[in-house]
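For reference, target-v3.pdb is printed below; it contains PDB, C-alpha atoms, pLDDT in the B column.
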```pdb
ATOM      1  CA  MET A   1      -5.831   2.614 -10.087  1.00 63.00           C
ATOM      2  CA  GLN A   2      -6.376   3.306  -6.421  1.00 70.00           C
ATOM      3  CA  VAL A   3      -3.915   3.600  -3.563  1.00 73.00           C
ATOM      4  CA  LEU A   4      -4.936   2.505  -0.098  1.00 79.00           C
ATOM      5  CA  LEU A   5      -2.630   2.851   2.880  1.00 84.00           C
ATOM      6  CA  ILE A   6      -3.033   0.498   5.813  1.00 86.00           C
ATOM      7  CA  ASN A   7      -1.891   1.387   9.308  1.00 89.00           C
ATOM      8  CA  MET A   8      -1.510  -1.464  11.763  1.00 87.00           C
ATOM      9  CA  SER A   9      -0.863   0.282  15.061  1.00 85.00           C
ATOM     10  CA  GLU A  10      -1.564   4.009  15.380  1.00 89.00           C
ATOM     11  CA  LYS A  11      -4.958   5.409  16.146  1.00 91.00           C
ATOM     12  CA  LEU A  12      -6.798   7.845  13.893  1.00 92.00           C
ATOM     13  CA  PRO A  13      -5.492  11.169  15.341  1.00 94.00           C
ATOM     14  CA  ILE A  14      -1.858  10.116  14.845  1.00 93.00           C
ATOM     15  CA  VAL A  15      -2.516   8.809  11.335  1.00 91.00           C
ATOM     16  CA  ALA A  16      -4.453  11.954  10.380  1.00 93.00           C
ATOM     17  CA  SER A  17      -1.624  14.162  11.646  1.00 94.00           C
ATOM     18  CA  PHE A  18       0.986  12.152   9.713  1.00 89.00           C
ATOM     19  CA  MET A  19      -1.063  12.335   6.515  1.00 88.00           C
ATOM     20  CA  LYS A  20      -1.536  16.088   6.860  1.00 91.00           C
ATOM     21  CA  GLU A  21       2.126  16.779   7.704  1.00 91.00           C
ATOM     22  CA  ASN A  22       3.288  14.804   4.661  1.00 85.00           C
ATOM     23  CA  ASN A  23       0.580  16.118   2.335  1.00 86.00           C
ATOM     24  CA  TYR A  24      -0.698  12.595   1.534  1.00 84.00           C
ATOM     25  CA  SER A  25      -4.195  12.329   0.126  1.00 84.00           C
ATOM     26  CA  SER A  26      -4.609   8.547  -0.205  1.00 83.00           C
ATOM     27  CA  ARG A  27      -7.246   6.685   1.763  1.00 85.00           C
ATOM     28  CA  VAL A  28      -6.082   5.007   4.967  1.00 89.00           C
ATOM     29  CA  LEU A  29      -7.459   1.844   6.507  1.00 89.00           C
ATOM     30  CA  LEU A  30      -6.833   1.348  10.226  1.00 92.00           C
ATOM     31  CA  ASP A  31      -6.138  -2.350  10.799  1.00 92.00           C
ATOM     32  CA  LEU A  32      -6.090  -2.209  14.591  1.00 90.00           C
ATOM     33  CA  ASP A  33      -7.391  -5.778  14.952  1.00 92.00           C
ATOM     34  CA  GLY A  34      -4.862  -7.207  12.464  1.00 90.00           C
ATOM     35  CA  LYS A  35      -7.384  -8.823  10.104  1.00 91.00           C
ATOM     36  CA  VAL A  36      -5.882  -7.289   6.957  1.00 88.00           C
ATOM     37  CA  ALA A  37      -2.330  -8.088   8.070  1.00 87.00           C
ATOM     38  CA  LYS A  38      -3.344 -11.694   8.686  1.00 89.00           C
ATOM     39  CA  LYS A  39      -5.076 -11.990   5.303  1.00 86.00           C
ATOM     40  CA  TYR A  40      -1.937 -10.831   3.465  1.00 82.00           C
ATOM     41  CA  ASP A  41       0.618 -12.497   5.782  1.00 82.00           C
ATOM     42  CA  VAL A  42       2.245  -9.254   6.923  1.00 83.00           C
ATOM     43  CA  PHE A  43       4.978 -10.043   9.434  1.00 78.00           C
ATOM     44  CA  GLY A  44       7.130  -6.913   9.167  1.00 78.00           C
ATOM     45  CA  ILE A  45       6.574  -3.350   8.136  1.00 79.00           C
ATOM     46  CA  PRO A  46       6.727  -1.526   5.867  1.00 84.00           C
ATOM     47  CA  VAL A  47       5.463  -3.853   3.180  1.00 84.00           C
ATOM     48  CA  SER A  48       3.661  -2.857  -0.014  1.00 85.00           C
ATOM     49  CA  TYR A  49       1.358  -5.009  -2.081  1.00 84.00           C
ATOM     50  CA  LEU A  50       0.014  -4.333  -5.518  1.00 85.00           C
ATOM     51  CA  ILE A  51      -3.383  -6.031  -5.612  1.00 83.00           C
ATOM     52  CA  ASP A  52      -5.563  -6.509  -8.664  1.00 80.00           C
ATOM     53  CA  LYS A  53      -9.283  -5.760  -8.761  1.00 76.00           C
ATOM     54  CA  GLU A  54     -10.066  -9.375  -7.832  1.00 80.00           C
ATOM     55  CA  GLY A  55      -8.049  -8.974  -4.615  1.00 80.00           C
ATOM     56  CA  ARG A  56      -5.079 -11.077  -5.754  1.00 83.00           C
ATOM     57  CA  ILE A  57      -1.535 -10.016  -4.895  1.00 86.00           C
ATOM     58  CA  VAL A  58       0.307  -9.287  -8.135  1.00 85.00           C
ATOM     59  CA  TYR A  59       3.487  -7.893  -6.575  1.00 86.00           C
ATOM     60  CA  LYS A  60       4.995  -7.558  -3.092  1.00 87.00           C
ATOM     61  CA  LEU A  61       7.662  -5.067  -2.015  1.00 87.00           C
ATOM     62  CA  SER A  62       9.312  -5.240   1.404  1.00 86.00           C
ATOM     63  CA  GLY A  63      10.943  -2.226   3.021  1.00 86.00           C
ATOM     64  CA  ILE A  64      10.731   1.444   2.214  1.00 86.00           C
ATOM     65  CA  VAL A  65       9.739   2.096  -1.405  1.00 87.00           C
ATOM     66  CA  ASP A  66      10.478   5.219  -3.411  1.00 88.00           C
ATOM     67  CA  TRP A  67       7.240   5.316  -5.396  1.00 85.00           C
ATOM     68  CA  ASN A  68       8.651   8.077  -7.595  1.00 86.00           C
ATOM     69  CA  SER A  69      11.673   6.049  -8.705  1.00 92.00           C
ATOM     70  CA  ARG A  70      11.933   5.179 -12.381  1.00 94.00           C
ATOM     71  CA  GLU A  71      11.996   1.427 -11.618  1.00 93.00           C
ATOM     72  CA  ILE A  72       8.871   1.430  -9.437  1.00 89.00           C
ATOM     73  CA  ARG A  73       6.946   3.668 -11.826  1.00 90.00           C
ATOM     74  CA  ALA A  74       7.855   1.327 -14.716  1.00 92.00           C
ATOM     75  CA  LEU A  75       6.727  -1.686 -12.652  1.00 88.00           C
ATOM     76  CA  VAL A  76       3.388  -0.102 -11.787  1.00 87.00           C
ATOM     77  CA  ASN A  77       2.793   1.092 -15.355  1.00 88.00           C
ATOM     78  CA  ASN A  78       3.602  -2.392 -16.667  1.00 86.00           C
ATOM     79  CA  LEU A  79       1.176  -4.027 -14.220  1.00 83.00           C
ATOM     80  CA  ILE A  80      -1.536  -1.506 -15.151  1.00 83.00           C
ATOM     81  CA  SER A  81      -1.103  -2.151 -18.877  1.00 83.00           C
ATOM     82  CA  GLU A  82      -1.143  -5.947 -18.294  1.00 80.00           C
ATOM     83  CA  GLY A  83      -4.383  -5.585 -16.334  1.00 71.00           C
ATOM     84  CA  SER A  84      -6.090  -3.578 -19.023  1.00 64.00           C
ATOM     85  CA  SER A  85      -5.434  -6.104 -21.783  1.00 61.00           C
TER      86      SER A  85
END
```
Write the structure described by the file as structure tokens, please.
Amino acid sequence: MQVLLINMSEKLPIVASFMKENNYSSRVLLDLDGKVAKKYDVFGIPVSYLIDKEGRIVYKLSGIVDWNSREIRALVNNLISEGSS
């Protein structure tokens, strides 16, 4: 599994500073032209998509997500096990 963060407005120095301050190590895509947002119909932020290896959306979460919560971890683990079968 891979996590990719997408930023739609800030430029690289601001994103890099945020990532460092919060000790995040995921890759970040800068979508300054809005192509990724358009492809996935993003109208508000934050929004999280779980996308399979074929690029299909398998789950969408709107709003702030606690990725360490029991419910979200169970959801992700379930989607991973479904994808490996």
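One finds CA of Lys53 (chain A) at 26.5 Å from CA of Ala16 (chain A).
Nearest to Tyr59 (chain A) of all the residues A:Phe43, A:Gly34, A:Leu4, A:Leu79 is A:Leu79, based on all atoms listed in the file.
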(request) Can you turn the PyMOL selection byres ((chain A and resi 60) around 7) into a concrete residue list for this file, as JSON, numbers by chain? (result) {"A": [48, 49, 50, 59, 61, 62]}
Could you turn the residues from that selection into a file that holds C-alpha atoms, as an mmCIF file, keeping the file's coordinate frame?
```cif
data_model
loop_
_atom_site.group_PDB
_atom_site.id
_atom_site.type_symbol
_atom_site.label_atom_id
_atom_site.label_comp_id
_atom_site.auth_asym_id
_atom_site.auth_seq_id
_atom_site.Cartn_x
_atom_site.Cartn_y
_atom_site.Cartn_z
ATOM 1 C CA SER A 48 3.661 -2.857 -0.014
ATOM 2 C CA TYR A 49 1.358 -5.009 -2.081
ATOM 3 C CA LEU A 50 0.014 -4.333 -5.518
ATOM 4 C CA TYR A 59 3.487 -7.893 -6.575
ATOM 5 C CA LEU A 61 7.662 -5.067 -2.015
ATOM 6 C CA SER A 62 9.312 -5.240 1.404
#
```
(message) Show me, as a list in words, the residues that have an atom within 12 Å of Lys39 (chain A) when counting only C-alpha atoms, minus same-chain residues fewer than 6 positions from it.
(response) Asp31, Asp33, Gly55, Arg56 and Ile57 of chain A
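Using all atoms listed in the file, the smallest distance between any of A:Ile64, A:Leu32, A:Val58, A:Ile45 and Glu82 (chain A) comes from A:Val58.
Taking all atoms listed in the file into account, Pro46 (chain A) lies nearest to A:Val65 out of the set A:Leu30, A:Ile14, A:Val65, A:Val76.
The space separating CA of Lys38 (chain A) from CA of Ser25 (chain A) comes to 25.5 Å.
Counting only C-alpha atoms and comparing A:Val28, A:Asp66, A:Asp52, A:Lys35, the residue that lies closest to Ile80 (chain A) is A:Asp52.
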(message) Starting from the PyMOL selection byres ((chain A and resi 2) around 9), expand the selection into actual residues of this file and give them as number ranges by chain.
(response) A: 1, 3-4, 26-27
May I have the selected residues written with C-alpha atoms, as a PDB file, in the frame of the given file?
```pdb
ATOM      1  CA  MET A   1      -5.831   2.614 -10.087  1.00 63.00           C
ATOM      2  CA  VAL A   3      -3.915   3.600  -3.563  1.00 73.00           C
ATOM      3  CA  LEU A   4      -4.936   2.505  -0.098  1.00 79.00           C
ATOM      4  CA  SER A  26      -4.609   8.547  -0.205  1.00 83.00           C
ATOM      5  CA  ARG A  27      -7.246   6.685   1.763  1.00 85.00           C
TER       6      ARG A  27
END
```
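Relative to CA of Gly63 (chain A), CA of Val47 (chain A) is found at 5.7 Å.
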Since the input lacks atoms, please generate N, CA and C atoms for region 35-50 of chain A and provide them as an mmCIF file, in the frame of the given file.
```
data_model
loop_
_atom_site.group_PDB
_atom_site.id
_atom_site.type_symbol
_atom_site.label_atom_id
_atom_site.label_comp_id
_atom_site.auth_asym_id
_atom_site.auth_seq_id
_atom_site.Cartn_x
_atom_site.Cartn_y
_atom_site.Cartn_z
ATOM 1 N N LYS A 35 -6.733 -7.937 11.080
ATOM 2 C CA LYS A 35 -7.384 -8.823 10.104
ATOM 3 C C LYS A 35 -6.765 -8.702 8.708
ATOM 4 N N VAL A 36 -6.476 -7.481 8.285
ATOM 5 C CA VAL A 36 -5.882 -7.289 6.957
ATOM 6 C C VAL A 36 -4.460 -7.838 6.939
ATOM 7 N N ALA A 37 -3.696 -7.567 7.983
ATOM 8 C CA ALA A 37 -2.330 -8.088 8.070
ATOM 9 C C ALA A 37 -2.325 -9.609 8.017
ATOM 10 N N LYS A 38 -3.257 -10.223 8.689
ATOM 11 C CA LYS A 38 -3.344 -11.694 8.686
ATOM 12 C C LYS A 38 -3.698 -12.208 7.296
ATOM 13 N N LYS A 39 -4.643 -11.551 6.640
ATOM 14 C CA LYS A 39 -5.076 -11.990 5.303
ATOM 15 C C LYS A 39 -3.912 -11.979 4.315
ATOM 16 N N TYR A 40 -3.039 -10.972 4.413
ATOM 17 C CA TYR A 40 -1.937 -10.831 3.465
ATOM 18 C C TYR A 40 -0.593 -11.255 4.046
ATOM 19 N N ASP A 41 -0.605 -11.963 5.168
ATOM 20 C CA ASP A 41 0.618 -12.497 5.782
ATOM 21 C C ASP A 41 1.689 -11.428 6.004
ATOM 22 N N VAL A 42 1.297 -10.317 6.606
ATOM 23 C CA VAL A 42 2.245 -9.254 6.923
ATOM 24 C C VAL A 42 2.913 -9.579 8.249
ATOM 25 N N PHE A 43 4.234 -9.750 8.211
ATOM 26 C CA PHE A 43 4.978 -10.043 9.434
ATOM 27 C C PHE A 43 5.918 -8.913 9.816
ATOM 28 N N GLY A 44 6.261 -8.057 8.901
ATOM 29 C CA GLY A 44 7.130 -6.913 9.167
ATOM 30 C C GLY A 44 6.616 -5.719 8.400
ATOM 31 N N ILE A 45 7.009 -4.554 8.831
ATOM 32 C CA ILE A 45 6.574 -3.350 8.136
ATOM 33 C C ILE A 45 7.790 -2.482 7.852
ATOM 34 N N PRO A 46 7.815 -1.669 6.836
ATOM 35 C CA PRO A 46 6.727 -1.526 5.867
ATOM 36 C C PRO A 46 6.770 -2.628 4.816
ATOM 37 N N VAL A 47 5.614 -2.929 4.306
ATOM 38 C CA VAL A 47 5.463 -3.853 3.180
ATOM 39 C C VAL A 47 4.384 -3.277 2.268
ATOM 40 N N SER A 48 4.610 -3.396 0.968
ATOM 41 C CA SER A 48 3.661 -2.857 -0.014
ATOM 42 C C SER A 48 3.207 -3.986 -0.922
ATOM 43 N N TYR A 49 1.927 -4.025 -1.176
ATOM 44 C CA TYR A 49 1.358 -5.009 -2.081
ATOM 45 C C TYR A 49 0.653 -4.276 -3.205
ATOM 46 N N LEU A 50 0.814 -4.789 -4.402
ATOM 47 C CA LEU A 50 0.014 -4.333 -5.518
ATOM 48 C C LEU A 50 -1.017 -5.428 -5.738
#
```
